[in-house]
Amino acid sequence: MNKQITLAQRPNGLPKESDFRLAESPVPTPSAGEILVRALYLSVDPYMRGRMNDVKSYAPPIKIGEVMVGGAVGQVMESQNPKFQKGDIVEGFFGWQTHAVSDGKGVRKIDPNLAPISTALSVMGMPGLTAYFGLLEIGKPLAGETVLISGAAGAVGSMAGQIAKINGCRVIGVAGSDEKVDYLVGELGFDAAFNYKTTEDYFKKLKELCPDGIDVYFDNVGGALTDDALKLINVRARVCVCGQISQYNLAKPEMGPRFLWKLIERRARVEGFLVFQFADRYAEGLRQLAEWHKDGKVKIREDIVEGIENAPRAFIGMLEGRNTGKQLVKIAEAG
Ligand SMILES: NC(=O)c1ccc[n+]([C@@H]2O[C@H](COP(=O)([O-])OP(=O)(O)OC[C@H]3O[C@@H](n4cnc5c(N)ncnc54)[C@H](OP(=O)(O)O)[C@@H]3O)[C@@H](O)[C@H]2O)c1
């Protein structure tokens, strides 16, 4: 049987396990041009929270009763598509289910000899590409500049910080626990980091850790931290708006201070981006990320829970900050 996690109801605030349902249906059969994929790892990501709301966005909302969307790594069980063979390890947008049929569009083959296959959902996957293009194309960091990263111990943040270090920057991270702060500084080589949950005055802390101001702010979080970070941006600073996770579970958007005058004074740029806008350059990004990973220049921790029935719990835990690095759900071993 195909086990699927569907959307049972739209969440109000932080999702609850009862917002999801575990459903079963017969394993689908691929038609001409299609493949049947058995899931090995599922990705749980913050953007899925947005897709659970019935609002217009860059992607349509998930309907009630539909399978949760998401990236996955799986193995081809049956192929009616000449581009894929039985046994191939692939990455694609297969959703939260143990089996999926796909026409192969947007599906890439993974070489299991190059790196653990789960890395196709982390360092050599969407989070790695988000950090790579977001930081380098939107942030354009220069050696010696100060780069601030919020949500720094997560999948995207931890990668963005390491890429900034590779580019010779001074990197400051913000994360939600002392263990995460130790991980950033002790294991990933950030120059400094602080725990926003135990810091009362963000502005004071940021000023202490960024004495020369902030040249690039890679923002995954938004909210009060961003309000204070913007007070410290330098002339010609670049603010990369990657995510605003502090706002995703709010029923009403928070009102913030009016900071646009700071952009005038500092002649700074704030730019939002979606990783998909760089789709035609993914091959380049993946090549570079794979090389850095092989040379040990970028590391990622993968937080793995087992079993599709635990995907909702893993997703909720990620929104609560229980993960360090990339949150994944392991479904099965490759055959
Ligand atoms: N623009 C794009 O194309 C794109 C693509 C991928 C991801 N993103 C965005 O990038 C960000 C990170 O995504 P990810 O996949 O790497 O997830 P992640 O950072 O691995 O996991 C989410 C983290 O967010 C932090 N968090 C949760 N609630 C928070 C709050 N109220 N205030 C501050 N931090 C909070 C938690 O860490 P703490 O313990 O530190 O709180 C949690 O571990 C998200 O905002 C996501 O939407 C954007």
# chains A, B, ... in the order shown; residues from 1 in each chain; ligands from 1
call {"tool": "residues_around", "arguments": {"residues": "Ile245 of chain A", "least_positions_apart": "2", "cutoff": "9 Å", "atoms": "only C-alpha atoms", "output": "list of chain:residue names"}}
result
A:Pro46, A:Tyr47, A:Gly151, A:Asn220, A:Val221, A:Gly222, A:Gly223, A:Gly243, A:Gln247, A:Tyr248, A:Asn249, A:Leu319
call {"tool": "write_last_selection", "arguments": {"atoms": "all heavy atoms", "output": "short mmCIF file (atom, residue, chain, number, x, y, z; two decimals), in the first residue's frame"}}
result
data_model
loop_
_atom_site.label_atom_id
_atom_site.label_comp_id
_atom_site.auth_asym_id
_atom_site.auth_seq_id
_atom_site.Cartn_x
_atom_site.Cartn_y
_atom_site.Cartn_z
N PRO A 46 10.13 24.83 5.83
CA PRO A 46 9.24 25.91 6.30
C PRO A 46 8.20 26.36 5.27
O PRO A 46 7.07 26.73 5.64
CB PRO A 46 10.20 27.06 6.61
CG PRO A 46 11.51 26.39 6.90
CD PRO A 46 11.55 25.18 6.03
N TYR A 47 8.53 26.34 3.96
CA TYR A 47 7.56 26.86 2.97
C TYR A 47 6.26 26.07 2.98
O TYR A 47 5.22 26.56 2.57
CB TYR A 47 8.17 26.86 1.56
CG TYR A 47 8.31 25.49 0.92
CD1 TYR A 47 7.22 24.89 0.28
CD2 TYR A 47 9.50 24.78 0.99
CE1 TYR A 47 7.33 23.61 -0.28
CE2 TYR A 47 9.62 23.52 0.44
CZ TYR A 47 8.53 22.93 -0.19
OH TYR A 47 8.62 21.68 -0.72
N GLY A 151 18.46 32.60 11.72
CA GLY A 151 18.12 31.19 11.46
C GLY A 151 19.39 30.44 11.08
O GLY A 151 19.39 29.58 10.20
N ASN A 220 16.57 34.92 7.49
CA ASN A 220 15.66 33.76 7.39
C ASN A 220 14.47 33.92 8.32
O ASN A 220 13.58 33.07 8.32
CB ASN A 220 16.40 32.49 7.83
CG ASN A 220 17.39 32.02 6.78
OD1 ASN A 220 17.03 31.91 5.61
ND2 ASN A 220 18.62 31.76 7.18
N VAL A 221 14.46 34.95 9.14
CA VAL A 221 13.57 34.99 10.31
C VAL A 221 12.61 36.18 10.35
O VAL A 221 11.44 36.02 10.63
CB VAL A 221 14.47 34.93 11.59
CG1 VAL A 221 13.69 35.30 12.81
CG2 VAL A 221 15.09 33.55 11.75
N GLY A 222 13.14 37.39 10.12
CA GLY A 222 12.30 38.59 10.20
C GLY A 222 11.98 38.98 11.63
O GLY A 222 12.65 38.56 12.58
N GLY A 223 10.94 39.80 11.81
CA GLY A 223 10.48 40.20 13.14
C GLY A 223 11.44 41.15 13.83
O GLY A 223 12.19 41.90 13.20
N GLY A 243 13.81 34.28 4.09
CA GLY A 243 12.62 33.76 4.78
C GLY A 243 12.23 34.66 5.93
O GLY A 243 13.01 35.52 6.35
N GLN A 247 7.18 34.81 11.25
CA GLN A 247 5.83 35.30 10.92
C GLN A 247 4.89 34.20 10.39
O GLN A 247 3.70 34.43 10.26
CB GLN A 247 5.92 36.40 9.83
CG GLN A 247 6.96 37.48 10.10
CD GLN A 247 6.64 38.30 11.33
OE1 GLN A 247 5.61 38.97 11.39
NE2 GLN A 247 7.51 38.23 12.34
N TYR A 248 5.43 33.02 10.08
CA TYR A 248 4.64 32.03 9.34
C TYR A 248 3.42 31.50 10.10
O TYR A 248 2.45 31.09 9.47
CB TYR A 248 5.50 30.83 8.91
CG TYR A 248 6.62 31.15 7.93
CD1 TYR A 248 7.55 30.17 7.59
CD2 TYR A 248 6.76 32.40 7.35
CE1 TYR A 248 8.59 30.44 6.70
CE2 TYR A 248 7.79 32.67 6.47
CZ TYR A 248 8.71 31.69 6.16
OH TYR A 248 9.73 31.97 5.29
N ASN A 249 3.51 31.46 11.41
CA ASN A 249 2.38 30.90 12.16
C ASN A 249 1.45 31.97 12.72
O ASN A 249 0.52 31.66 13.47
CB ASN A 249 2.90 30.02 13.32
CG ASN A 249 3.44 28.71 12.80
OD1 ASN A 249 2.78 28.02 12.02
ND2 ASN A 249 4.65 28.36 13.21
N LEU A 319 9.50 23.67 12.81
CA LEU A 319 8.96 25.03 12.96
C LEU A 319 9.23 25.56 14.38
O LEU A 319 9.30 26.77 14.59
CB LEU A 319 7.45 25.05 12.68
CG LEU A 319 7.04 24.82 11.22
CD1 LEU A 319 5.53 24.71 11.10
CD2 LEU A 319 7.55 25.93 10.30
#
call {"tool": "closest_atom_pairs", "arguments": {"of": "chain A", "to": "ligand 1", "cutoff": "7 Å", "atoms": "only C-alpha atoms and all ligand atoms", "output": "JSON lines"}}
result
{"residue": "A:Asp45", "atom": "CA", "partner": "ligand 1", "partner_atom_place_in_ligand_line": "15 (O)", "distance": 4.8}
{"residue": "A:Pro46", "atom": "CA", "partner": "ligand 1", "partner_atom_place_in_ligand_line": "47 (O)", "distance": 4.7}
{"residue": "A:Tyr47", "atom": "CA", "partner": "ligand 1", "partner_atom_place_in_ligand_line": "47 (O)", "distance": 5.0}
{"residue": "A:Met126", "atom": "CA", "partner": "ligand 1", "partner_atom_place_in_ligand_line": "6 (C)", "distance": 6.6}
{"residue": "A:Pro127", "atom": "CA", "partner": "ligand 1", "partner_atom_place_in_ligand_line": "6 (C)", "distance": 5.4}
{"residue": "A:Thr130", "atom": "CA", "partner": "ligand 1", "partner_atom_place_in_ligand_line": "5 (C)", "distance": 5.3}
{"residue": "A:Gly151", "atom": "CA", "partner": "ligand 1", "partner_atom_place_in_ligand_line": "40 (O)", "distance": 4.7}
{"residue": "A:Ala152", "atom": "CA", "partner": "ligand 1", "partner_atom_place_in_ligand_line": "40 (O)", "distance": 6.5}
{"residue": "A:Ala153", "atom": "CA", "partner": "ligand 1", "partner_atom_place_in_ligand_line": "40 (O)", "distance": 6.1}
{"residue": "A:Gly154", "atom": "CA", "partner": "ligand 1", "partner_atom_place_in_ligand_line": "19 (O)", "distance": 3.2}
{"residue": "A:Ala155", "atom": "CA", "partner": "ligand 1", "partner_atom_place_in_ligand_line": "16 (O)", "distance": 3.6}
{"residue": "A:Val156", "atom": "CA", "partner": "ligand 1", "partner_atom_place_in_ligand_line": "16 (O)", "distance": 3.7}
{"residue": "A:Gly157", "atom": "CA", "partner": "ligand 1", "partner_atom_place_in_ligand_line": "16 (O)", "distance": 5.7}
{"residue": "A:Val174", "atom": "CA", "partner": "ligand 1", "partner_atom_place_in_ligand_line": "40 (O)", "distance": 6.7}
{"residue": "A:Ala175", "atom": "CA", "partner": "ligand 1", "partner_atom_place_in_ligand_line": "40 (O)", "distance": 3.5}
{"residue": "A:Gly176", "atom": "CA", "partner": "ligand 1", "partner_atom_place_in_ligand_line": "39 (O)", "distance": 3.4}
{"residue": "A:Ser177", "atom": "CA", "partner": "ligand 1", "partner_atom_place_in_ligand_line": "39 (O)", "distance": 5.8}
{"residue": "A:Asn220", "atom": "CA", "partner": "ligand 1", "partner_atom_place_in_ligand_line": "45 (O)", "distance": 4.2}
{"residue": "A:Val221", "atom": "CA", "partner": "ligand 1", "partner_atom_place_in_ligand_line": "33 (C)", "distance": 5.1}
{"residue": "A:Cys242", "atom": "CA", "partner": "ligand 1", "partner_atom_place_in_ligand_line": "1 (N)", "distance": 4.1}
{"residue": "A:Gly243", "atom": "CA", "partner": "ligand 1", "partner_atom_place_in_ligand_line": "45 (O)", "distance": 3.2}
{"residue": "A:Gln244", "atom": "CA", "partner": "ligand 1", "partner_atom_place_in_ligand_line": "45 (O)", "distance": 4.7}
{"residue": "A:Ile245", "atom": "CA", "partner": "ligand 1", "partner_atom_place_in_ligand_line": "45 (O)", "distance": 4.2}
{"residue": "A:Ser246", "atom": "CA", "partner": "ligand 1", "partner_atom_place_in_ligand_line": "31 (N)", "distance": 3.4}
{"residue": "A:Gln247", "atom": "CA", "partner": "ligand 1", "partner_atom_place_in_ligand_line": "31 (N)", "distance": 6.8}
{"residue": "A:Phe273", "atom": "CA", "partner": "ligand 1", "partner_atom_place_in_ligand_line": "1 (N)", "distance": 5.1}
{"residue": "A:Leu274", "atom": "CA", "partner": "ligand 1", "partner_atom_place_in_ligand_line": "3 (O)", "distance": 3.4}
{"residue": "A:Val275", "atom": "CA", "partner": "ligand 1", "partner_atom_place_in_ligand_line": "3 (O)", "distance": 3.7}
{"residue": "A:Phe276", "atom": "CA", "partner": "ligand 1", "partner_atom_place_in_ligand_line": "3 (O)", "distance": 6.5}
{"residue": "A:Met318", "atom": "CA", "partner": "ligand 1", "partner_atom_place_in_ligand_line": "43 (O)", "distance": 5.1}
{"residue": "A:Leu319", "atom": "CA", "partner": "ligand 1", "partner_atom_place_in_ligand_line": "27 (C)", "distance": 4.8}
{"residue": "A:Glu320", "atom": "CA", "partner": "ligand 1", "partner_atom_place_in_ligand_line": "27 (C)", "distance": 5.1}
{"residue": "A:Gly321", "atom": "CA", "partner": "ligand 1", "partner_atom_place_in_ligand_line": "43 (O)", "distance": 3.4}
{"residue": "A:Arg322", "atom": "CA", "partner": "ligand 1", "partner_atom_place_in_ligand_line": "43 (O)", "distance": 5.8}
{"residue": "A:Asn323", "atom": "CA", "partner": "ligand 1", "partner_atom_place_in_ligand_line": "43 (O)", "distance": 5.0}
{"residue": "A:Thr324", "atom": "CA", "partner": "ligand 1", "partner_atom_place_in_ligand_line": "43 (O)", "distance": 6.1}
{"residue": "A:Gly325", "atom": "CA", "partner": "ligand 1", "partner_atom_place_in_ligand_line": "20 (O)", "distance": 5.3}
{"residue": "A:Lys326", "atom": "CA", "partner": "ligand 1", "partner_atom_place_in_ligand_line": "20 (O)", "distance": 5.0}
{"residue": "A:Gln327", "atom": "CA", "partner": "ligand 1", "partner_atom_place_in_ligand_line": "20 (O)", "distance": 6.3}
call {"tool": "closest_residue", "arguments": {"among": "A:Cys240, A:Val270, A:Met159, A:Val147", "to": "Leu209 of chain A", "atoms": "only C-alpha atoms"}}
result
A:Val147
call {"tool": "select_by_dssp", "arguments": {"residues": "segment 116-238 of chain A", "states": "strand (DSSP E)", "output": "list of chain:residue names"}}
result
A:Thr146, A:Val147, A:Leu148, A:Ile149, A:Ser150, A:Arg170, A:Val171, A:Ile172, A:Gly173, A:Val174, A:Ala175, A:Ala192, A:Ala193, A:Phe194, A:Asn195, A:Ile214, A:Asp215, A:Val216, A:Tyr217, A:Phe218, A:Asp219, A:Ile233, A:Asn234, A:Val235, A:Arg236, A:Ala237, A:Arg238
call {"tool": "closest_residue", "arguments": {"among": "A:Leu14, A:Ala224, A:Leu188, A:Ala120", "to": "Met52 of chain A", "atoms": "only C-alpha atoms"}}
result
A:Leu14
call {"tool": "select_by_dssp", "arguments": {"residues": "segment 29-230 of chain A", "states": "helix (DSSP H, G or I)", "output": "VMD selection string"}}
result
chain A and resid 47 to 51 117 to 121 126 to 139 155 to 166 178 to 187 202 to 209 223 to 230
